[in-house]
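Structure file protein_20.txt (compact mmCIF, C-alpha atoms and all ligand atoms) is printed below.
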# COMPACT_ATOMS: atom_id res chain seq x y z
CA MET N 13 0.88 -9.70 7.61
CA TYR N 14 0.92 -9.27 3.84
CA GLU N 15 -2.20 -10.09 1.84
CA ARG N 16 -1.76 -8.12 -1.39
CA ILE N 17 1.69 -7.50 -2.84
CA LEU N 18 2.24 -5.02 -5.69
CA ILE N 19 5.12 -5.34 -8.15
CA PRO N 20 5.45 -2.17 -10.21
CA THR N 21 7.53 -3.13 -13.25
CA ASP N 22 9.01 -1.30 -16.21
CA GLY N 23 10.21 -4.59 -17.67
CA SER N 24 13.83 -3.89 -16.72
CA GLU N 25 16.26 -6.49 -15.41
CA THR N 26 16.24 -4.89 -11.99
CA ALA N 27 12.46 -5.01 -11.83
CA GLU N 28 12.65 -8.67 -12.84
CA THR N 29 15.03 -9.33 -9.96
CA ALA N 30 12.46 -7.79 -7.65
CA VAL N 31 9.83 -10.19 -9.01
CA GLU N 32 11.58 -13.20 -7.49
CA HIS N 33 11.68 -11.54 -4.07
CA ALA N 34 8.02 -10.60 -4.31
CA LEU N 35 6.96 -14.10 -5.35
CA ASP N 36 8.90 -15.70 -2.57
CA LEU N 37 7.15 -13.47 -0.05
CA ALA N 38 3.78 -14.11 -1.68
CA GLU N 39 4.39 -17.81 -1.27
CA GLN N 40 5.36 -17.47 2.38
CA TYR N 41 2.35 -15.32 3.20
CA GLY N 42 -0.20 -16.78 0.81
CA ALA N 43 -0.57 -13.27 -0.60
CA GLU N 44 -2.18 -12.14 -3.83
CA VAL N 45 0.24 -10.71 -6.43
CA HIS N 46 -0.49 -7.62 -8.53
CA ALA N 47 1.73 -6.51 -11.43
CA LEU N 48 1.49 -2.89 -12.57
CA TYR N 49 3.07 -1.29 -15.62
CA VAL N 50 2.63 2.44 -16.04
CA VAL N 51 2.88 3.97 -19.49
CA ASP N 52 5.03 6.92 -18.49
CA THR N 53 3.37 10.09 -19.70
CA ASN N 54 6.38 12.12 -18.63
CA ALA N 55 8.31 10.26 -21.27
CA MET N 56 5.51 9.98 -23.84
CA SER N 57 3.40 13.12 -23.52
CA LEU N 58 4.72 14.44 -26.80
CA SER N 59 3.49 11.45 -28.74
CA LEU N 60 0.32 10.42 -26.87
CA GLY N 61 -2.82 12.48 -26.40
CA GLY N 62 -5.25 12.33 -23.49
CA GLU N 63 -7.73 10.23 -25.39
CA GLN N 64 -5.06 7.64 -26.13
CA LEU N 65 -4.13 7.51 -22.45
CA ASP N 66 -7.76 6.79 -21.52
CA ARG N 67 -7.85 4.01 -24.08
CA ILE N 68 -4.68 2.45 -22.66
CA GLU N 69 -6.35 2.36 -19.24
CA GLN N 70 -9.17 0.40 -20.85
CA GLY N 71 -6.82 -2.01 -22.61
CA GLN N 72 -7.64 -0.60 -26.04
CA TYR N 73 -4.33 0.03 -27.73
CA GLY N 74 -5.47 0.34 -31.35
CA GLU N 75 -2.38 1.28 -33.35
CA MET N 76 -0.23 1.58 -30.27
CA ASP N 77 1.37 -1.82 -30.78
CA GLU N 78 4.70 -0.86 -29.28
CA VAL N 79 3.07 0.42 -26.11
CA ARG N 80 1.00 -2.73 -25.78
CA GLU N 81 4.00 -4.97 -26.34
CA ARG N 82 6.12 -3.25 -23.75
CA ALA N 83 3.30 -3.28 -21.20
CA GLU N 84 2.34 -6.88 -21.78
CA ARG N 85 5.94 -8.08 -21.74
CA ALA N 86 6.52 -6.41 -18.38
CA THR N 87 3.38 -7.63 -16.59
CA GLY N 88 3.38 -10.96 -18.44
CA TYR N 89 6.82 -11.74 -17.04
CA VAL N 90 5.38 -11.53 -13.54
CA THR N 91 2.44 -13.74 -14.43
CA ASP N 92 4.69 -16.35 -16.07
CA ARG N 93 7.08 -16.57 -13.14
CA ALA N 94 4.19 -16.66 -10.69
CA ALA N 95 2.46 -19.43 -12.63
CA GLU N 96 5.59 -21.58 -12.24
CA ARG N 97 4.93 -21.44 -8.50
CA GLY N 98 1.18 -21.87 -8.82
CA ILE N 99 0.49 -18.26 -7.82
CA ASP N 100 -2.24 -16.25 -9.57
CA THR N 101 -1.62 -12.64 -10.51
CA VAL N 102 -3.63 -9.57 -11.33
CA GLU N 103 -2.09 -7.64 -14.25
CA HIS N 104 -2.80 -3.97 -14.68
CA VAL N 105 -1.61 -1.27 -17.08
CA SER N 106 -2.21 2.40 -16.45
CA ALA N 107 -1.01 5.64 -17.95
CA GLY N 108 0.29 8.65 -16.08
CA ARG N 109 3.18 9.58 -13.83
CA PRO N 110 4.53 6.24 -12.62
CA HIS N 111 4.90 7.07 -8.92
CA SER N 112 1.44 8.67 -8.76
CA MET N 113 -0.19 5.73 -10.46
CA ILE N 114 1.64 3.33 -8.14
CA ALA N 115 0.45 5.27 -5.07
CA ASN N 116 -3.12 5.35 -6.42
CA TYR N 117 -3.06 1.64 -7.10
CA VAL N 118 -1.89 0.96 -3.55
CA ASP N 119 -4.77 3.00 -2.13
CA ASP N 120 -7.44 1.66 -4.46
CA ASN N 121 -6.56 -2.01 -4.10
CA GLY N 122 -5.62 -2.43 -0.45
CA ILE N 123 -2.00 -3.19 -1.27
CA ASP N 124 -0.01 -3.81 1.90
CA LEU N 125 3.48 -4.33 0.43
CA VAL N 126 5.22 -2.90 -2.64
CA VAL N 127 8.27 -4.71 -4.04
CA MET N 128 10.23 -2.84 -6.71
CA GLY N 129 13.68 -2.36 -8.20
CA SER N 130 16.19 0.30 -7.18
CA HIS N 131 16.69 1.20 -10.83
CA GLY N 132 14.95 0.69 -14.13
CA ARG N 133 15.18 1.03 -17.85
CA SER N 134 17.01 4.31 -18.03
CA GLY N 135 20.19 2.35 -17.49
CA VAL N 136 21.86 5.18 -15.61
CA ARG N 137 23.94 3.60 -12.86
CA ARG N 138 23.91 5.83 -9.84
CA ALA N 139 24.41 5.58 -6.13
CA LEU N 140 21.00 7.21 -5.78
CA LEU N 141 17.72 5.42 -6.29
CA GLY N 142 15.86 5.83 -9.57
CA SER N 143 13.33 8.64 -9.55
CA VAL N 144 10.27 6.38 -9.68
CA THR N 145 11.45 4.45 -6.63
CA GLU N 146 12.42 7.56 -4.72
CA ARG N 147 9.08 9.26 -5.42
CA THR N 148 7.12 6.10 -4.60
CA LEU N 149 8.81 5.98 -1.19
CA ARG N 150 7.66 9.55 -0.62
CA SER N 151 4.11 9.12 -1.89
CA THR N 152 2.88 5.88 -0.38
CA ARG N 153 2.37 4.82 3.21
CA ALA N 154 2.60 1.13 2.40
CA PRO N 155 5.96 -0.49 3.15
CA VAL N 156 8.21 -0.62 0.08
CA LEU N 157 10.87 -3.30 -0.37
CA VAL N 158 13.55 -2.01 -2.75
CA ILE N 159 15.65 -4.63 -4.52
CA ASP N 160 19.05 -3.52 -5.75
CA GLU N 161 20.40 -4.50 -9.11
CA ASP N 162 22.87 -7.40 -8.98
P1 LIG C 1 15.01 7.23 -13.90
O1 LIG C 1 13.73 6.73 -14.48
O2 LIG C 1 14.81 8.16 -12.74
O3 LIG C 1 15.95 7.73 -14.93
P2 LIG C 1 15.70 4.44 -13.48
O4 LIG C 1 14.93 4.12 -14.74
O5 LIG C 1 17.06 3.83 -13.33
O6 LIG C 1 15.79 5.99 -13.21
P3 LIG C 1 13.30 3.99 -11.90
O7 LIG C 1 12.54 4.44 -13.09
O8 LIG C 1 13.09 4.70 -10.61
O9 LIG C 1 14.87 3.93 -12.19
O10 LIG C 1 12.94 2.44 -11.70
C1 LIG C 1 13.03 1.82 -10.44
C2 LIG C 1 11.93 0.78 -10.31
O11 LIG C 1 10.68 1.44 -10.38
C3 LIG C 1 11.88 -0.29 -11.41
O12 LIG C 1 12.75 -1.38 -11.13
C4 LIG C 1 10.42 -0.69 -11.36
O13 LIG C 1 10.21 -1.58 -10.26
C5 LIG C 1 9.72 0.64 -11.04
N1 LIG C 1 9.27 1.37 -12.24
C6 LIG C 1 9.96 2.27 -12.96
N2 LIG C 1 9.23 2.74 -13.99
C7 LIG C 1 8.03 2.12 -13.92
C8 LIG C 1 6.82 2.15 -14.73
N3 LIG C 1 6.75 2.93 -15.81
N4 LIG C 1 5.79 1.37 -14.36
C9 LIG C 1 5.88 0.57 -13.27
N5 LIG C 1 6.99 0.48 -12.49
C10 LIG C 1 8.05 1.23 -12.80
MN MN C 2 12.93 4.83 -15.11
Take the structure from the file and write it as structure tokens.
Ligand code: ATP
Ligand code: MN
Amino acid sequence: MYERILIPTDGSETAETAVEHALDLAEQYGAEVHALYVVDTNAMSLSLGGEQLDRIEQGQYGEMDEVRERAERATGYVTDRAAERGIDTVEHVSAGRPHSMIANYVDDNGIDLVVMGSHGRSGVRRALLGSVTERTLRSTRAPVLVIDED
């Protein structure tokens, strides 16, 4: 049923909770695991220019150490936890509007399940879903499994 599972992660605790669910499913289904971190240009457009965003997509961070660290910590967490179970992962970092980049990644890579957190780094506790999750639900046709924070 599921061959390629995408975990979009912002490195938050809730996203990390979602990782365990995704890995368990990957194990059950023998699915490939993809981890995607999006450098949020809504949040960073004031400090990053278009050329820098292109470079991020190519893995060339130059002076952008903080961006690289945050991205690699988020996707690396997935890879580390997956390795403990003997599962390989594909790590990817892109730059743009998170929900758009998630939807694009789903289309471009034949993703058939998305597993993500209900909330993220903003730390705002609400009854509603976080905006990235809500918009992802609206912009992708793949099934999305939303894991609530503990
Ligand atoms: P908001 O951002 O609307 O203030 P929030 O930070 O609490 O709210 P979201 O940003 O929607 O909530 O995060 C929900 C989930 O979406 C996260 O657990 C993670 O799985 C995913 N996500 C959020 N931001 C990103 C990102 N930049 N890259 C990849 N995945 C993300
Ligand atoms: Mn957020």
### Message
Could you list the protein, DNA and RNA residues that have any atom within 6 Å of ligand LIG 1 (chain C), counting all atoms listed in the file, and write them as a PyMOL selection string?
### Response
chain N and resi 20-22+26-27+48-52+110+128-136+142-145
Selection to disk with C-alpha atoms, as a PDB file, in the frame of the given file:
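File selection18.pdb, as written:
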ATOM      1  CA  PRO N  20       5.450  -2.170 -10.210  1.00  0.00           C
ATOM      2  CA  THR N  21       7.530  -3.130 -13.250  1.00  0.00           C
ATOM      3  CA  ASP N  22       9.010  -1.300 -16.210  1.00  0.00           C
ATOM      4  CA  THR N  26      16.240  -4.890 -11.990  1.00  0.00           C
ATOM      5  CA  ALA N  27      12.460  -5.010 -11.830  1.00  0.00           C
ATOM      6  CA  LEU N  48       1.490  -2.890 -12.570  1.00  0.00           C
ATOM      7  CA  TYR N  49       3.070  -1.290 -15.620  1.00  0.00           C
ATOM      8  CA  VAL N  50       2.630   2.440 -16.040  1.00  0.00           C
ATOM      9  CA  VAL N  51       2.880   3.970 -19.490  1.00  0.00           C
ATOM     10  CA  ASP N  52       5.030   6.920 -18.490  1.00  0.00           C
ATOM     11  CA  PRO N 110       4.530   6.240 -12.620  1.00  0.00           C
ATOM     12  CA  MET N 128      10.230  -2.840  -6.710  1.00  0.00           C
ATOM     13  CA  GLY N 129      13.680  -2.360  -8.200  1.00  0.00           C
ATOM     14  CA  SER N 130      16.190   0.300  -7.180  1.00  0.00           C
ATOM     15  CA  HIS N 131      16.690   1.200 -10.830  1.00  0.00           C
ATOM     16  CA  GLY N 132      14.950   0.690 -14.130  1.00  0.00           C
ATOM     17  CA  ARG N 133      15.180   1.030 -17.850  1.00  0.00           C
ATOM     18  CA  SER N 134      17.010   4.310 -18.030  1.00  0.00           C
ATOM     19  CA  GLY N 135      20.190   2.350 -17.490  1.00  0.00           C
ATOM     20  CA  VAL N 136      21.860   5.180 -15.610  1.00  0.00           C
ATOM     21  CA  GLY N 142      15.860   5.830  -9.570  1.00  0.00           C
ATOM     22  CA  SER N 143      13.330   8.640  -9.550  1.00  0.00           C
ATOM     23  CA  VAL N 144      10.270   6.380  -9.680  1.00  0.00           C
ATOM     24  CA  THR N 145      11.450   4.450  -6.630  1.00  0.00           C
TER      25      THR N 145
END
For segment 111-121 of chain N, I'd like the enclosing box, axis-aligned and padded by 6 Å on every side, reported as AutoDock Vina command-line options with centre and edge lengths in Å to one decimal.
--center_x -1.3 --center_y 3.3 --center_z -6.3 --size_x 24.3 --size_y 22.7 --size_z 20.3
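The space between atom CA of Thr91 of chain N and atom CA of Leu18 of chain N spans 12.3 Å.
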### Query
Using only C-alpha atoms and all ligand atoms, which of the listed residues (N:Thr101, N:Arg137, N:His33, N:Ser151) sits closest to ligand MN 2 (chain C)?
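Using only C-alpha atoms and all ligand atoms, the shortest distance to ligand MN 2 (chain C) belongs to N:Arg137.
Proximity to ligand MN 2 (chain C) was assessed for N:Ser24, N:Arg150, N:Gly98, N:Asn121 counting only C-alpha atoms and all ligand atoms; the smallest distance is recorded for N:Ser24.
Distances here use only C-alpha atoms; by that measure, the residue among N:Val118, N:Ala107, N:Ile159, N:Ile68 closest to Glu32 of chain N is N:Ile159.
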Residues near Glu84 of chain N, anyone? I mean within 9 Å using only C-alpha atoms, not counting same-chain ones fewer than 3 positions away, as a compact mmCIF listing (two decimals) with C-alpha atoms, in the coordinates of the input.
# COMPACT_ATOMS: atom_id res chain seq x y z
CA TYR N 49 3.07 -1.29 -15.62
CA VAL N 79 3.07 0.42 -26.11
CA ARG N 80 1.00 -2.73 -25.78
CA GLU N 81 4.00 -4.97 -26.34
CA THR N 87 3.38 -7.63 -16.59
CA GLY N 88 3.38 -10.96 -18.44
CA TYR N 89 6.82 -11.74 -17.04
CA GLU N 103 -2.09 -7.64 -14.25
CA VAL N 105 -1.61 -1.27 -17.08
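Residues within 8 Å of Ala34 of chain N, counting only C-alpha atoms and excluding same-chain residues fewer than 5 positions away, are Ile17, Ile19 and Val127 of chain N.
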### Task
Report the distance between atom CA of Leu35 of chain N and atom CA of Tyr117 of chain N in Å, rounded to one decimal place.
18.7 Å
### Task
With a distance cut-off of 9 Å and only C-alpha atoms, select the neighbouring residues of Leu65 of chain N, excluding the residue or stretch itself and same-chain residues fewer than 4 positions from it, and output the selection as a PyMOL selection string.
chain N and resi 51+53+60-61+69-70+106-108
### Message
I'd like the contact shell of Thr148 of chain N - 10 Å cut-off, all atoms listed in the file, skipping same-chain residues fewer than 6 positions apart - returned as a ChimeraX atom specification.
### Response
/N:110-115,126,128,154,156
### Query
Near Gly23 of chain N, counting only C-alpha atoms, which residues have an atom at most 7 Å away, once you skip same-chain residues fewer than 4 positions from it, shown as a list in words?
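Final neighbour list, sorted by chain and number: Ala27, Glu28, Arg85 and Ala86 of chain N.
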With C-alpha atoms retained, write the just-selected residues as a PDB file, in the coordinates of the input.
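Below you can see out_12.pdb, which holds the result:
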ATOM      1  CA  ALA N  27      12.460  -5.010 -11.830  1.00  0.00           C
ATOM      2  CA  GLU N  28      12.650  -8.670 -12.840  1.00  0.00           C
ATOM      3  CA  ARG N  85       5.940  -8.080 -21.740  1.00  0.00           C
ATOM      4  CA  ALA N  86       6.520  -6.410 -18.380  1.00  0.00           C
TER       5      ALA N  86
END
### Task
Enter the distance from atom CA of Gly122 of chain N to atom CA of Arg16 of chain N, in Å, rounded to one decimal.
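So the two atoms, atom CA of Gly122 of chain N and atom CA of Arg16 of chain N, lie 6.9 Å apart.
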### Query
Which residue gives the smallest distance to ligand MN 2 (chain C) among N:Ala55, N:Leu125, N:Ala139, N:Ala30, with all atoms listed in the file counted?
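Closest candidate: N:Ala55.
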### Task
Would you mind telling me which residue in N:Met76, N:Arg109, N:His104, N:Gly42 lies nearest to Ser59 of chain N when using all atoms listed in the file?
N:Met76
